[in-house]
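Data from model33.pdb: PDB, C-alpha atoms and all ligand atoms
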ATOM      1  CA  MET A   1     120.939  73.185 152.817
ATOM      2  CA  LYS A   2     121.664  70.332 150.492
ATOM      3  CA  ARG A   3     118.224  70.046 149.068
ATOM      4  CA  ILE A   4     118.662  72.041 145.886
ATOM      5  CA  PRO A   5     118.354  69.547 143.056
ATOM      6  CA  ALA A   6     121.411  69.340 140.845
ATOM      7  CA  ALA A   7     119.578  70.600 137.780
ATOM      8  CA  LEU A   8     118.303  73.628 139.624
ATOM      9  CA  ALA A   9     121.700  74.351 141.093
ATOM     10  CA  ALA A  10     123.210  74.247 137.627
ATOM     11  CA  LEU A  11     120.527  76.586 136.350
ATOM     12  CA  LEU A  12     121.116  79.047 139.164
ATOM     13  CA  ALA A  13     124.814  78.991 138.490
ATOM     14  CA  LEU A  14     124.268  79.696 134.805
ATOM     15  CA  SER A  15     121.631  82.366 135.099
ATOM     16  CA  PRO A  16     123.783  85.461 135.678
ATOM     17  CA  ALA A  17     125.897  84.672 132.640
ATOM     18  CA  LEU A  18     122.840  84.064 130.488
ATOM     19  CA  LEU A  19     121.175  87.265 131.577
ATOM     20  CA  SER A  20     124.149  89.436 130.889
ATOM     21  CA  ALA A  21     124.848  87.864 127.519
ATOM     22  CA  GLN A  22     121.362  87.899 126.101
ATOM     23  CA  GLU A  23     119.317  90.918 125.283
ATOM     24  CA  ILE A  24     116.409  88.977 123.863
ATOM     25  CA  ALA A  25     114.182  87.534 126.567
ATOM     26  CA  VAL A  26     111.871  84.669 125.732
ATOM     27  CA  THR A  27     108.645  84.403 127.699
ATOM     28  CA  ALA A  28     105.380  82.472 127.567
ATOM     29  CA  PRO A  29     106.621  79.688 125.296
ATOM     30  CA  PHE A  30     104.276  76.886 124.335
ATOM     31  CA  ALA A  31     103.482  74.497 121.532
ATOM     32  CA  ARG A  32     100.173  72.998 120.570
ATOM     33  CA  ALA A  33      99.607  69.280 120.706
ATOM     34  CA  THR A  34      99.070  67.735 117.295
ATOM     35  CA  LEU A  35      95.799  66.177 116.241
ATOM     36  CA  PRO A  36      95.793  62.659 114.787
ATOM     37  CA  ASN A  37      97.455  62.682 111.364
ATOM     38  CA  GLN A  38      98.467  66.315 111.698
ATOM     39  CA  PRO A  39     101.906  66.444 110.076
ATOM     40  CA  VAL A  40     102.959  69.851 111.374
ATOM     41  CA  ALA A  41     102.854  71.688 114.683
ATOM     42  CA  GLY A  42     102.880  75.286 115.844
ATOM     43  CA  GLY A  43     105.096  76.906 118.482
ATOM     44  CA  PHE A  44     104.476  80.243 120.188
ATOM     45  CA  LEU A  45     106.342  82.621 122.474
ATOM     46  CA  THR A  46     107.069  86.256 123.186
ATOM     47  CA  LEU A  47     110.416  87.835 122.313
ATOM     48  CA  GLN A  48     111.400  90.937 124.252
ATOM     49  CA  ASN A  49     114.336  92.960 123.029
ATOM     50  CA  HIS A  50     116.037  94.625 125.983
ATOM     51  CA  GLY A  51     118.899  95.827 123.843
ATOM     52  CA  ASP A  52     119.611  99.140 122.170
ATOM     53  CA  ALA A  53     119.518  97.732 118.670
ATOM     54  CA  ALA A  54     117.009  95.761 116.672
ATOM     55  CA  ASP A  55     117.678  92.071 116.355
ATOM     56  CA  THR A  56     116.172  89.418 114.128
ATOM     57  CA  LEU A  57     115.175  85.860 114.826
ATOM     58  CA  ILE A  58     116.717  84.193 111.808
ATOM     59  CA  ALA A  59     116.493  80.483 112.529
ATOM     60  CA  ALA A  60     114.971  77.871 114.765
ATOM     61  CA  THR A  61     115.869  74.220 115.076
ATOM     62  CA  SER A  62     114.534  71.401 117.197
ATOM     63  CA  PRO A  63     115.398  67.778 117.850
ATOM     64  CA  ALA A  64     111.633  67.169 117.683
ATOM     65  CA  ALA A  65     111.353  68.185 114.038
ATOM     66  CA  GLY A  66     113.301  67.812 110.828
ATOM     67  CA  ARG A  67     112.733  71.451 110.058
ATOM     68  CA  VAL A  68     111.436  74.541 111.867
ATOM     69  CA  GLU A  69     110.314  77.603 109.965
ATOM     70  CA  ILE A  70     109.384  81.100 111.130
ATOM     71  CA  HIS A  71     105.920  81.865 109.768
ATOM     72  CA  GLU A  72     103.381  84.616 109.684
ATOM     73  CA  MET A  73      99.683  84.602 108.916
ATOM     74  CA  ALA A  74      98.645  87.085 106.280
ATOM     75  CA  MET A  75      95.679  87.831 104.121
ATOM     76  CA  GLU A  76      96.065  86.937 100.453
ATOM     77  CA  GLY A  77      93.004  88.432  98.883
ATOM     78  CA  ASP A  78      90.301  87.347 101.302
ATOM     79  CA  VAL A  79      92.013  84.139 102.344
ATOM     80  CA  MET A  80      94.154  83.836 105.456
ATOM     81  CA  ARG A  81      97.333  81.991 104.531
ATOM     82  CA  MET A  82     100.575  81.284 106.311
ATOM     83  CA  ARG A  83     103.962  81.842 104.828
ATOM     84  CA  GLU A  84     107.583  81.667 105.819
ATOM     85  CA  LEU A  85     109.384  84.890 106.684
ATOM     86  CA  PRO A  86     112.410  84.658 104.375
ATOM     87  CA  ASP A  87     114.360  87.314 106.259
ATOM     88  CA  GLY A  88     113.354  86.208 109.738
ATOM     89  CA  LEU A  89     111.366  88.045 112.367
ATOM     90  CA  ARG A  90     112.620  91.475 113.378
ATOM     91  CA  ILE A  91     112.406  92.568 117.004
ATOM     92  CA  PRO A  92     112.832  96.340 117.308
ATOM     93  CA  ALA A  93     114.970  97.691 120.142
ATOM     94  CA  GLY A  94     113.025  97.902 123.363
ATOM     95  CA  LYS A  95     109.991  96.141 121.874
ATOM     96  CA  SER A  96     108.246  92.821 122.192
ATOM     97  CA  VAL A  97     107.073  90.636 119.368
ATOM     98  CA  VAL A  98     104.448  88.037 120.136
ATOM     99  CA  LEU A  99     104.273  84.740 118.309
ATOM    100  CA  GLU A 100     100.722  83.517 118.810
ATOM    101  CA  PRO A 101      98.001  81.525 117.085
ATOM    102  CA  GLY A 102      96.731  83.544 114.151
ATOM    103  CA  GLY A 103      99.920  85.577 113.893
ATOM    104  CA  TYR A 104     103.625  84.884 113.834
ATOM    105  CA  HIS A 105     104.538  81.360 114.831
ATOM    106  CA  LEU A 106     107.164  78.689 114.666
ATOM    107  CA  MET A 107     106.184  75.853 112.362
ATOM    108  CA  PHE A 108     107.535  72.385 112.983
ATOM    109  CA  PHE A 109     107.800  70.023 110.016
ATOM    110  CA  GLU A 110     108.828  66.378 109.755
ATOM    111  CA  LEU A 111     107.922  65.695 113.367
ATOM    112  CA  ALA A 112     109.950  63.000 115.043
ATOM    113  CA  ALA A 113     106.794  62.078 116.974
ATOM    114  CA  PRO A 114     103.383  63.653 117.556
ATOM    115  CA  PHE A 115     103.369  66.553 120.010
ATOM    116  CA  VAL A 116     101.556  65.322 123.105
ATOM    117  CA  ALA A 117     100.072  67.608 125.736
ATOM    118  CA  GLY A 118     102.193  67.528 128.881
ATOM    119  CA  ALA A 119     105.443  66.936 127.015
ATOM    120  CA  GLU A 120     108.062  69.555 126.208
ATOM    121  CA  VAL A 121     109.695  70.455 122.934
ATOM    122  CA  GLU A 122     113.221  71.805 122.833
ATOM    123  CA  VAL A 123     113.927  74.622 120.410
ATOM    124  CA  GLU A 124     117.106  76.507 119.670
ATOM    125  CA  LEU A 125     116.589  80.075 118.490
ATOM    126  CA  THR A 126     119.298  81.880 116.553
ATOM    127  CA  PHE A 127     119.405  85.649 116.271
ATOM    128  CA  ALA A 128     121.180  87.807 113.706
ATOM    129  CA  GLY A 129     123.025  89.580 116.507
ATOM    130  CA  GLY A 130     124.741  86.344 117.439
ATOM    131  CA  ASP A 131     122.577  85.190 120.309
ATOM    132  CA  ALA A 132     121.482  81.588 120.410
ATOM    133  CA  GLN A 133     119.058  80.362 123.033
ATOM    134  CA  THR A 134     117.758  76.921 123.771
ATOM    135  CA  ILE A 135     114.294  76.991 125.270
ATOM    136  CA  MET A 136     111.668  74.446 126.209
ATOM    137  CA  LEU A 137     108.125  74.765 124.900
ATOM    138  CA  PRO A 138     105.563  73.036 127.087
ATOM    139  CA  VAL A 139     103.066  71.237 124.879
ATOM    140  CA  LEU A 140      99.514  72.349 125.637
ATOM    141  CA  ALA A 141      96.148  71.386 124.177
ATOM    142  CA  PRO A 142      95.665  71.553 120.393
ATOM    143  CA  ASP A 143      93.580  74.713 120.797
ATOM    144  CA  ALA A 144      95.675  76.339 123.526
ATOM    145  CA  VAL A 145      95.962  80.117 123.496
ATOM    146  CA  PRO A 146      98.541  82.327 125.239
ATOM    147  CA  PRO A 147      97.806  83.291 128.859
ATOM    148  CA  ALA A 148      97.172  86.914 127.868
ATOM    149  CA  ALA A 149      94.539  85.833 125.372
ATOM    150  CA  GLN A 150      92.814  83.731 128.001
ATOM    151  CA  GLU A 151      92.494  86.815 130.130
ATOM    152  CA  GLY A 152      90.323  88.440 127.536
ATOM    153  CA  MET A 153      92.808  90.212 125.317
ATOM    154  CA  ASP A 154      90.859  90.425 122.099
ATOM    155  CA  HIS A 155      92.153  90.915 118.613
ATOM    156  CA  GLY A 156      89.065  92.680 117.471
ATOM    157  CA  THR A 157      87.517  91.081 114.467
ATOM    158  CA  MET A 158      90.158  88.420 113.921
ATOM    159  CA  ASP A 159      88.669  84.980 113.908
ATOM    160  CA  HIS A 160      91.155  82.708 115.615
ATOM    161  CA  GLY A 161      88.951  79.700 115.221
ATOM    162  CA  GLY A 162      89.285  79.754 111.476
ATOM    163  CA  MET A 163      93.043  79.913 111.439
ATOM    164  CA  ASP A 164      94.027  76.855 113.383
ATOM    165  CA  HIS A 165      96.826  74.749 112.101
ATOM    166  CA  GLY A 166      94.601  71.820 112.760
ATOM    167  CA  SER A 167      91.927  72.923 110.358
ATOM    168  CA  MET A 168      94.282  74.514 107.886
ATOM    169  CA  ASP A 169      95.846  72.516 105.133
ATOM    170  CA  HIS A 170      99.410  73.643 104.923
ATOM    171  CA  GLY A 171     100.279  72.511 101.460
ATOM    172  CA  ALA A 172      97.106  72.412  99.429
ATOM    173  CA  SER A 173      95.233  75.603  99.811
ATOM    174  CA  ALA A 174      92.855  78.261  98.691
ATOM    175  CA  GLY A 175      92.363  76.833  95.241
ATOM    176  CA  ASP A 176      89.922  74.148  96.263
ATOM    177  CA  ALA A 177      88.605  75.895  99.335
ATOM    178  CA  GLY A 178      85.813  77.544  97.412
ATOM    179  CA  GLU A 179      84.257  74.324  96.210
ATOM    180  CA  ASP A 180      81.922  72.510  98.490
ATOM    181  CA  ALA A 181      82.886  68.872  98.423
ATOM    182  CA  GLN A 182      79.409  67.812  99.526
TER     183      GLN A 182
HETATM  184 CU    CU B 201     102.813  77.991 109.727
END

Take the structure in the file and give it back as structure tokens.
Amino acid sequence: MKRIPAALAALLALSPALLSAQEIAVTAPFARATLPNQPVAGGFLTLQNHGDAADTLIAATSPAAGRVEIHEMAMEGDVMRMRELPDGLRIPAGKSVVLEPGGYHLMFFELAAPFVAGAEVEVELTFAGGDAQTIMLPVLAPDAVPPAAQEGMDHGTMDHGGMDHGSMDHGASAGDAGEDAQ
């Protein structure tokens, strides 16, 4: 058989080495397409730690953005805000950590170009344990949710609709949110 495309053949050849070297598995990666004039974008994925020790996602970089930060959503008073995790995102041994809309996420700043549905965004993840992985995030719709969420996994009373990056002003914030501009 000579029909295996070169790229696939290369991937197959690499896979055993990658699997043995990396204890953090990345699944379900995606990014959300940006809306017009949206200066930032969100990236999401699941990190599974198959190792015997905790590891920490400490950095992310991408050729598609000048800067990538690791963020979480958190309540400040009664306002949902996002903030950078200064020490990275810890993944306990044997556990999974989900980055998803309304929770942990990768935040892309200084976009080289808008994120367009159907495209892919390359991201390199660096872990405290020394792992580095380059992954591709397929760009989905601006309101895309992870596959698990589509299947009805509910986060109880959390209102995902209100926490979109699209509707959330990253820089300016709660201060003027209380005043009705109309
Ligand atoms: Cu963010």

- Item | Test item: residues lying within 6 Å of ligand CU 201 (chain B) with all atoms listed in the file, as a VMD selection string | chain A and resid 71 82 107

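In this comparison, which uses only C-alpha atoms, the residue of A:Pro36, A:Gly102, A:Gly129, A:Pro86 approaching Asp52 (chain A) most closely is A:Gly129.
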
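In this model, the gap between CA of Leu140 (chain A) and CA of Ala117 (chain A) comes to 4.8 Å.
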
Do you know which residues the PyMOL selection byres (((chain A and resi 34) around 7) and not hetatm) returns on this file, as an mmCIF file with C-alpha atoms, keeping the file's coordinate frame?
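Final file, result-v7.cif:
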data_model
loop_
_atom_site.group_PDB
_atom_site.id
_atom_site.type_symbol
_atom_site.label_atom_id
_atom_site.label_comp_id
_atom_site.auth_asym_id
_atom_site.auth_seq_id
_atom_site.Cartn_x
_atom_site.Cartn_y
_atom_site.Cartn_z
ATOM 1 C CA ARG A 32 100.173 72.998 120.570
ATOM 2 C CA ALA A 33 99.607 69.280 120.706
ATOM 3 C CA LEU A 35 95.799 66.177 116.241
ATOM 4 C CA PRO A 36 95.793 62.659 114.787
ATOM 5 C CA GLN A 38 98.467 66.315 111.698
ATOM 6 C CA ALA A 41 102.854 71.688 114.683
ATOM 7 C CA PRO A 114 103.383 63.653 117.556
ATOM 8 C CA PHE A 115 103.369 66.553 120.010
ATOM 9 C CA VAL A 116 101.556 65.322 123.105
ATOM 10 C CA PRO A 142 95.665 71.553 120.393
#

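Atom to atom, CA of Phe44 (chain A) and CA of Gly66 (chain A) stand 17.9 Å apart.
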
- Note on the structure: note - CA of Asp143 (chain A) and CA of Leu57 (chain A) are separated by 25.0 Å

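Proximity of A:Ile24, A:Ser62, A:Asp87, A:Pro39 to Gly130 (chain A), computed with all atoms listed in the file, is greatest for A:Ile24.
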
- Query: Leaving out Val123 (chain A) and any residue of its chain fewer than 5 positions from it, which residues lie within 8 Å of it when counting all atoms listed in the file, given as JSON, numbers by chain?
  - Reply: {"A": [60, 61, 62, 63, 134, 135, 136, 137]}

Using the chain letters and numbers from the file, give me the residues hit by the PyMOL selection byres (((chain A and resi 100) around 8) and not hetatm), as a compact mmCIF listing (two decimals) with C-alpha atoms, keeping the file's coordinate frame.
# COMPACT_ATOMS: atom_id res chain seq x y z
CA GLY A 43 105.10 76.91 118.48
CA PHE A 44 104.48 80.24 120.19
CA LEU A 45 106.34 82.62 122.47
CA VAL A 98 104.45 88.04 120.14
CA LEU A 99 104.27 84.74 118.31
CA PRO A 101 98.00 81.53 117.08
CA GLY A 102 96.73 83.54 114.15
CA GLY A 103 99.92 85.58 113.89
CA TYR A 104 103.62 84.88 113.83
CA HIS A 105 104.54 81.36 114.83
CA VAL A 145 95.96 80.12 123.50
CA PRO A 146 98.54 82.33 125.24

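The smallest atom-to-atom distance between Glu120 (chain A) and any of A:Val139, A:Lys95, A:Phe30, A:Thr56, using only C-alpha atoms, is found for A:Val139.
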